[in-house]
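Engineer: Before anything else, here's the structure in question.
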Amino acid sequence: MIDSVAVRAPATSANLGPGFDIFGVALSEPFDVVKVRRVSGEGLKVTVRGRFSGGISNMPEENTAGLAAKTLLKELNIKESVEIEVEKGIKPGMGLGSSAASAVATIYALNILFNLNLTEEDMIRFSAQGERASAGAPHADNVSASLLGGFVLVKPHTYEAISIEPPPNLVFCVAMPEVEPPPKKTGVARSILPRCVSLGKVVHNTSMACWMVASLMRGDVMGFGRAMQDVIVEPRRAKMIPGYSEVKRLALEAGAAGVVISGAGPTMLAVVDRGKSEPEAVVEAMRRGFESAGLASHCFITKPGRGASTI
């Protein structure tokens with residue numbers, strides 16, 4: 001009988017422009033590591049450590065890993081006591097799926113620890129329940145990407161997801177402004193979204209989303225990036241990010257195929273075709289964009305990553 005399991009789950013970027021609540025992509029870095037153990041005693045214990053552990057609750061009901069685990073243990077009537085140790089390598093509140101990674105790693109580990117033979121849909125569903133602790137509601141885009149890896153399309157209401165492997169020349173430039181996100185940032189970012197939109201805007205976003213998938217299937221990184229155009233969600237959220245317009249303008253001028261807000265922000269993500277542009281030039285342009293708004297930023301280059309795995 002296995003007594004403990006350690007799992008690594010990657011950061012993710014969701015929405016990617018027109019794919020609100022539907023698109024997600026795993027990044028090769030950064031990542032969270034979660035260790036789950038059978039323990040004596042009663043109940044569920046959560047401990048959060050690591051560079052970005054500050055401000056994260058150890059109460060299971062207030063922690064994405066703990067809430068996901070609690071939901072699974074209750075639904076499957078598992079009475080054993082469990083201890084969850086989360087090593088936070090993904091900074092929370094930045095739009096890089098920090099909460100999703102912790103939840104996914106926990107569910108992935110519990111599936112192995114108790115030999116549950118969960119389907120992908122079940123693991124996505126339980127992981128998404130953990131998102132209620134940070135976002136106030138279950139969301140499947142980040143958790144699907146963190147679980148499966150690659151570029152993911154998800155059906156939000158059924159938790160079905162498809163993963164597509166991006167072409168090897170697709171590179172991401174990531175710019176994280178040094179700002180303090182508000183509490184429950186994702187909930188705040190969702191509260192400002194329009195309740196009604198015109199048919200024309202729906203047609204535009206649908207067209208761009210389809211074009212992104214078709215371009216990815218053809219290995220067309222430039223087509224993929226150029227279709228990252230959202231006229232519904234991003235215009236509202238852009239107002240929450242100082243320097244948004246300048247970061248986007250400078251990155252495109254430096255050779256990025258497309259630039260979007262990562263998830264609910266404030267991180268911004270640029271897509272680069274390594275065969276046609278220099279990622280180093282793009283990431284430096286993004287740094288200068290935030291600098292123009294008086295903000296320092298942590299900028300790095302990464303690529304699409306694989307999903308959760310044991311270590």
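Note on naming: chains are A, B, ... as they come in the structure tokens, residues start from 1 per chain, ligands start from 1 in the order shown.
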Write out, as JSON lines, each residue of stretch 221-274 of chain A that has an atom at most 10 Å from stretch 3-15 of chain A, together with the closest pair of atoms and their distance in Å to one decimal, counting only C-alpha atoms, rows going by chain and rising number.

Structural biologist:
{"residue": "A:Met228", "atom": "CA", "partner": "A:Asn15", "partner_atom": "CA", "distance": 9.3}
{"residue": "A:Asp230", "atom": "CA", "partner": "A:Asn15", "partner_atom": "CA", "distance": 9.3}
{"residue": "A:Val233", "atom": "CA", "partner": "A:Asn15", "partner_atom": "CA", "distance": 9.4}
{"residue": "A:Glu234", "atom": "CA", "partner": "A:Asn15", "partner_atom": "CA", "distance": 9.5}
{"residue": "A:Val260", "atom": "CA", "partner": "A:Asn15", "partner_atom": "CA", "distance": 8.8}
{"residue": "A:Ile261", "atom": "CA", "partner": "A:Asn15", "partner_atom": "CA", "distance": 8.4}
{"residue": "A:Ser262", "atom": "CA", "partner": "A:Ser13", "partner_atom": "CA", "distance": 5.2}
{"residue": "A:Gly263", "atom": "CA", "partner": "A:Ala14", "partner_atom": "CA", "distance": 4.6}
{"residue": "A:Ala264", "atom": "CA", "partner": "A:Ala14", "partner_atom": "CA", "distance": 8.2}
{"residue": "A:Gly265", "atom": "CA", "partner": "A:Ser13", "partner_atom": "CA", "distance": 9.6}
{"residue": "A:Thr267", "atom": "CA", "partner": "A:Ser13", "partner_atom": "CA", "distance": 9.4}
{"residue": "A:Met268", "atom": "CA", "partner": "A:Ser13", "partner_atom": "CA", "distance": 9.4}
{"residue": "A:Leu269", "atom": "CA", "partner": "A:Ser13", "partner_atom": "CA", "distance": 8.1}

Engineer: Keeping only N, CA and C atoms, write those residues as an mmCIF file, in the first residue's frame.

Structural biologist:
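Here's the written file selection36.cif:
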data_model
loop_
_atom_site.group_PDB
_atom_site.id
_atom_site.type_symbol
_atom_site.label_atom_id
_atom_site.label_comp_id
_atom_site.auth_asym_id
_atom_site.auth_seq_id
_atom_site.Cartn_x
_atom_site.Cartn_y
_atom_site.Cartn_z
ATOM 1 N N MET A 228 -5.445 35.923 -31.518
ATOM 2 C CA MET A 228 -5.690 36.128 -30.086
ATOM 3 C C MET A 228 -6.299 37.511 -29.853
ATOM 4 N N ASP A 230 -9.649 39.501 -28.552
ATOM 5 C CA ASP A 230 -10.882 39.420 -27.767
ATOM 6 C C ASP A 230 -11.517 40.806 -27.681
ATOM 7 N N VAL A 233 -14.066 40.412 -23.259
ATOM 8 C CA VAL A 233 -13.544 40.357 -21.886
ATOM 9 C C VAL A 233 -12.324 41.245 -21.689
ATOM 10 N N GLU A 234 -11.337 41.112 -22.583
ATOM 11 C CA GLU A 234 -10.070 41.810 -22.370
ATOM 12 C C GLU A 234 -10.198 43.335 -22.337
ATOM 13 N N VAL A 260 -1.716 38.936 -25.013
ATOM 14 C CA VAL A 260 -2.981 38.919 -24.286
ATOM 15 C C VAL A 260 -2.739 39.013 -22.787
ATOM 16 N N ILE A 261 -3.812 39.283 -22.058
ATOM 17 C CA ILE A 261 -3.781 39.155 -20.604
ATOM 18 C C ILE A 261 -3.809 37.668 -20.286
ATOM 19 N N SER A 262 -2.963 37.236 -19.377
ATOM 20 C CA SER A 262 -2.964 35.847 -18.953
ATOM 21 C C SER A 262 -4.029 35.644 -17.889
ATOM 22 N N GLY A 263 -5.041 34.845 -18.199
ATOM 23 C CA GLY A 263 -6.133 34.641 -17.264
ATOM 24 C C GLY A 263 -6.805 35.947 -16.915
ATOM 25 N N ALA A 264 -6.964 36.179 -15.602
ATOM 26 C CA ALA A 264 -7.571 37.427 -15.141
ATOM 27 C C ALA A 264 -6.538 38.507 -14.882
ATOM 28 N N GLY A 265 -5.274 38.253 -15.265
ATOM 29 C CA GLY A 265 -4.222 39.238 -15.088
ATOM 30 C C GLY A 265 -3.672 39.240 -13.670
ATOM 31 N N THR A 267 -0.664 39.523 -15.140
ATOM 32 C CA THR A 267 0.397 39.042 -16.025
ATOM 33 C C THR A 267 -0.048 39.131 -17.478
ATOM 34 N N MET A 268 0.902 39.454 -18.362
ATOM 35 C CA MET A 268 0.625 39.472 -19.788
ATOM 36 C C MET A 268 1.493 38.442 -20.491
ATOM 37 N N LEU A 269 0.936 37.858 -21.540
ATOM 38 C CA LEU A 269 1.545 36.743 -22.239
ATOM 39 C C LEU A 269 1.661 37.049 -23.723
#

Engineer: Just the residues within 12 Å of A:Pro166, please, counting only C-alpha atoms, with nothing from its chain fewer than 2 positions along; format it as JSON, numbers by chain.

Structural biologist: {"A": [24, 25, 26, 27, 149, 150, 151, 152, 163, 164, 168, 169, 170, 171, 172, 212, 213, 214, 215, 216, 217, 218, 219, 220, 221, 224, 271, 273, 303, 304, 305, 306]}

Engineer: What would the file look like if the residues just selected were written as a compact mmCIF listing (two decimals), in the first residue's frame with C-alpha atoms?

Structural biologist:
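Listed below is the output, part27.txt:
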# COMPACT_ATOMS: atom_id res chain seq x y z
CA GLY A 24 -5.92 27.04 -21.50
CA VAL A 25 -2.27 26.19 -21.99
CA ALA A 26 0.28 24.63 -19.65
CA LEU A 27 3.64 26.35 -19.20
CA GLY A 149 -0.63 19.75 -20.53
CA GLY A 150 -0.31 21.41 -23.93
CA PHE A 151 -3.10 23.59 -25.34
CA VAL A 152 -6.50 22.61 -23.97
CA SER A 163 -5.34 18.56 -25.31
CA ILE A 164 -3.42 19.56 -28.45
CA PRO A 168 7.93 23.17 -31.11
CA ASN A 169 8.64 26.68 -32.41
CA LEU A 170 5.90 28.22 -30.25
CA VAL A 171 7.41 30.19 -27.36
CA PHE A 172 5.79 32.27 -24.62
CA MET A 212 -6.61 29.84 -33.23
CA VAL A 213 -7.40 26.12 -33.08
CA ALA A 214 -7.10 25.68 -36.84
CA SER A 215 -3.76 27.52 -36.87
CA LEU A 216 -2.44 25.39 -34.02
CA MET A 217 -3.43 22.19 -35.83
CA ARG A 218 -1.55 23.43 -38.90
CA GLY A 219 1.52 24.42 -36.91
CA ASP A 220 0.99 28.08 -37.83
CA VAL A 221 2.26 30.01 -34.80
CA PHE A 224 -2.41 31.39 -33.82
CA VAL A 271 3.23 34.30 -28.33
CA ASP A 273 7.42 32.05 -33.38
CA LYS A 303 7.28 27.16 -23.68
CA PRO A 304 4.19 24.94 -23.58
CA GLY A 305 4.57 22.31 -20.88
CA ARG A 306 3.37 18.85 -20.04

Engineer: What is the distance between atom CA of A:Ile84 and atom CA of A:Met176, in Å to one decimal?

Structural biologist: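 Atom CA of A:Met176 lies 28.2 Å from atom CA of A:Ile84.
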
Engineer: Which residues are close to A:Arg226, i.e. within 9 Å by only C-alpha atoms, leaving aside same-chain residues fewer than 6 positions away? Reply as a PyMOL selection string.

Structural biologist: chain A and resi 208+212+257-259

Engineer: Would you mind writing down, as a count of residues only, each residue of stretch 225-258 of chain A that DSSP on the backbone assigns to helix (DSSP H, G or I)?

Structural biologist: 19

Engineer: Could you go through stretch 83-145 of chain A and tell me which residues DSSP, when run on the backbone, assigns to strand (DSSP E), listing them as a PyMOL selection string?

Structural biologist: chain A and resi 83-87

Engineer: Please provide the set of residues having any atom within 9 Å of A:Lys79, restricted to only C-alpha atoms, with same-chain residues fewer than 3 positions apart removed, written as a list of chain:residue names.

Structural biologist: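 These residues fall inside the cut-off: A:Glu42, A:Gly43, A:Leu73, A:Lys74.
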
Engineer: Let's have the selection written as a PDB file, in the first residue's frame, with C-alpha atoms.

Structural biologist:
ATOM      1  CA  GLU A  42      -8.775  12.378  12.039  1.00  0.00           C
ATOM      2  CA  GLY A  43      -9.571  14.865   9.330  1.00  0.00           C
ATOM      3  CA  LEU A  73     -12.968  12.465   0.043  1.00  0.00           C
ATOM      4  CA  LYS A  74     -16.569  13.265   0.951  1.00  0.00           C
TER       5      LYS A  74
END

Engineer: A:Glu280: which residues within 10 Å, counting only C-alpha atoms, same-chain residues fewer than 6 positions away excluded, as a list in words?

Structural biologist: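 Once the nearby chain positions are removed, what remains is Cys173, Ala254, Arg274, Cys299, Phe300 and Ile301 of chain A.
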
Engineer: Take the residues just selected and output them with N, CA, C and O atoms as a JSON list (two decimals), in the first residue's frame.

Structural biologist:
[["chain", "number", "residue", "atom", "x", "y", "z"],
["A", 173, "CYS", "N", 6.43, 34.51, -24.02],
["A", 173, "CYS", "CA", 7.12, 35.52, -23.23],
["A", 173, "CYS", "C", 6.12, 35.99, -22.17],
["A", 173, "CYS", "O", 5.00, 36.39, -22.49],
["A", 254, "ALA", "N", 8.18, 44.29, -31.45],
["A", 254, "ALA", "CA", 9.40, 43.50, -31.30],
["A", 254, "ALA", "C", 9.30, 42.14, -31.97],
["A", 254, "ALA", "O", 10.28, 41.38, -31.98],
["A", 274, "ARG", "N", 9.59, 31.22, -32.68],
["A", 274, "ARG", "CA", 11.04, 31.32, -32.50],
["A", 274, "ARG", "C", 11.79, 31.33, -33.82],
["A", 274, "ARG", "O", 12.90, 31.88, -33.92],
["A", 299, "CYS", "N", 10.05, 39.18, -15.85],
["A", 299, "CYS", "CA", 9.79, 38.71, -17.21],
["A", 299, "CYS", "C", 10.64, 37.48, -17.51],
["A", 299, "CYS", "O", 11.80, 37.41, -17.11],
["A", 300, "PHE", "N", 10.05, 36.52, -18.20],
["A", 300, "PHE", "CA", 10.80, 35.32, -18.53],
["A", 300, "PHE", "C", 10.24, 34.67, -19.80],
["A", 300, "PHE", "O", 9.13, 34.99, -20.24],
["A", 301, "ILE", "N", 11.03, 33.79, -20.36],
["A", 301, "ILE", "CA", 10.67, 33.06, -21.57],
["A", 301, "ILE", "C", 10.42, 31.61, -21.20],
["A", 301, "ILE", "O", 11.20, 31.00, -20.46]]
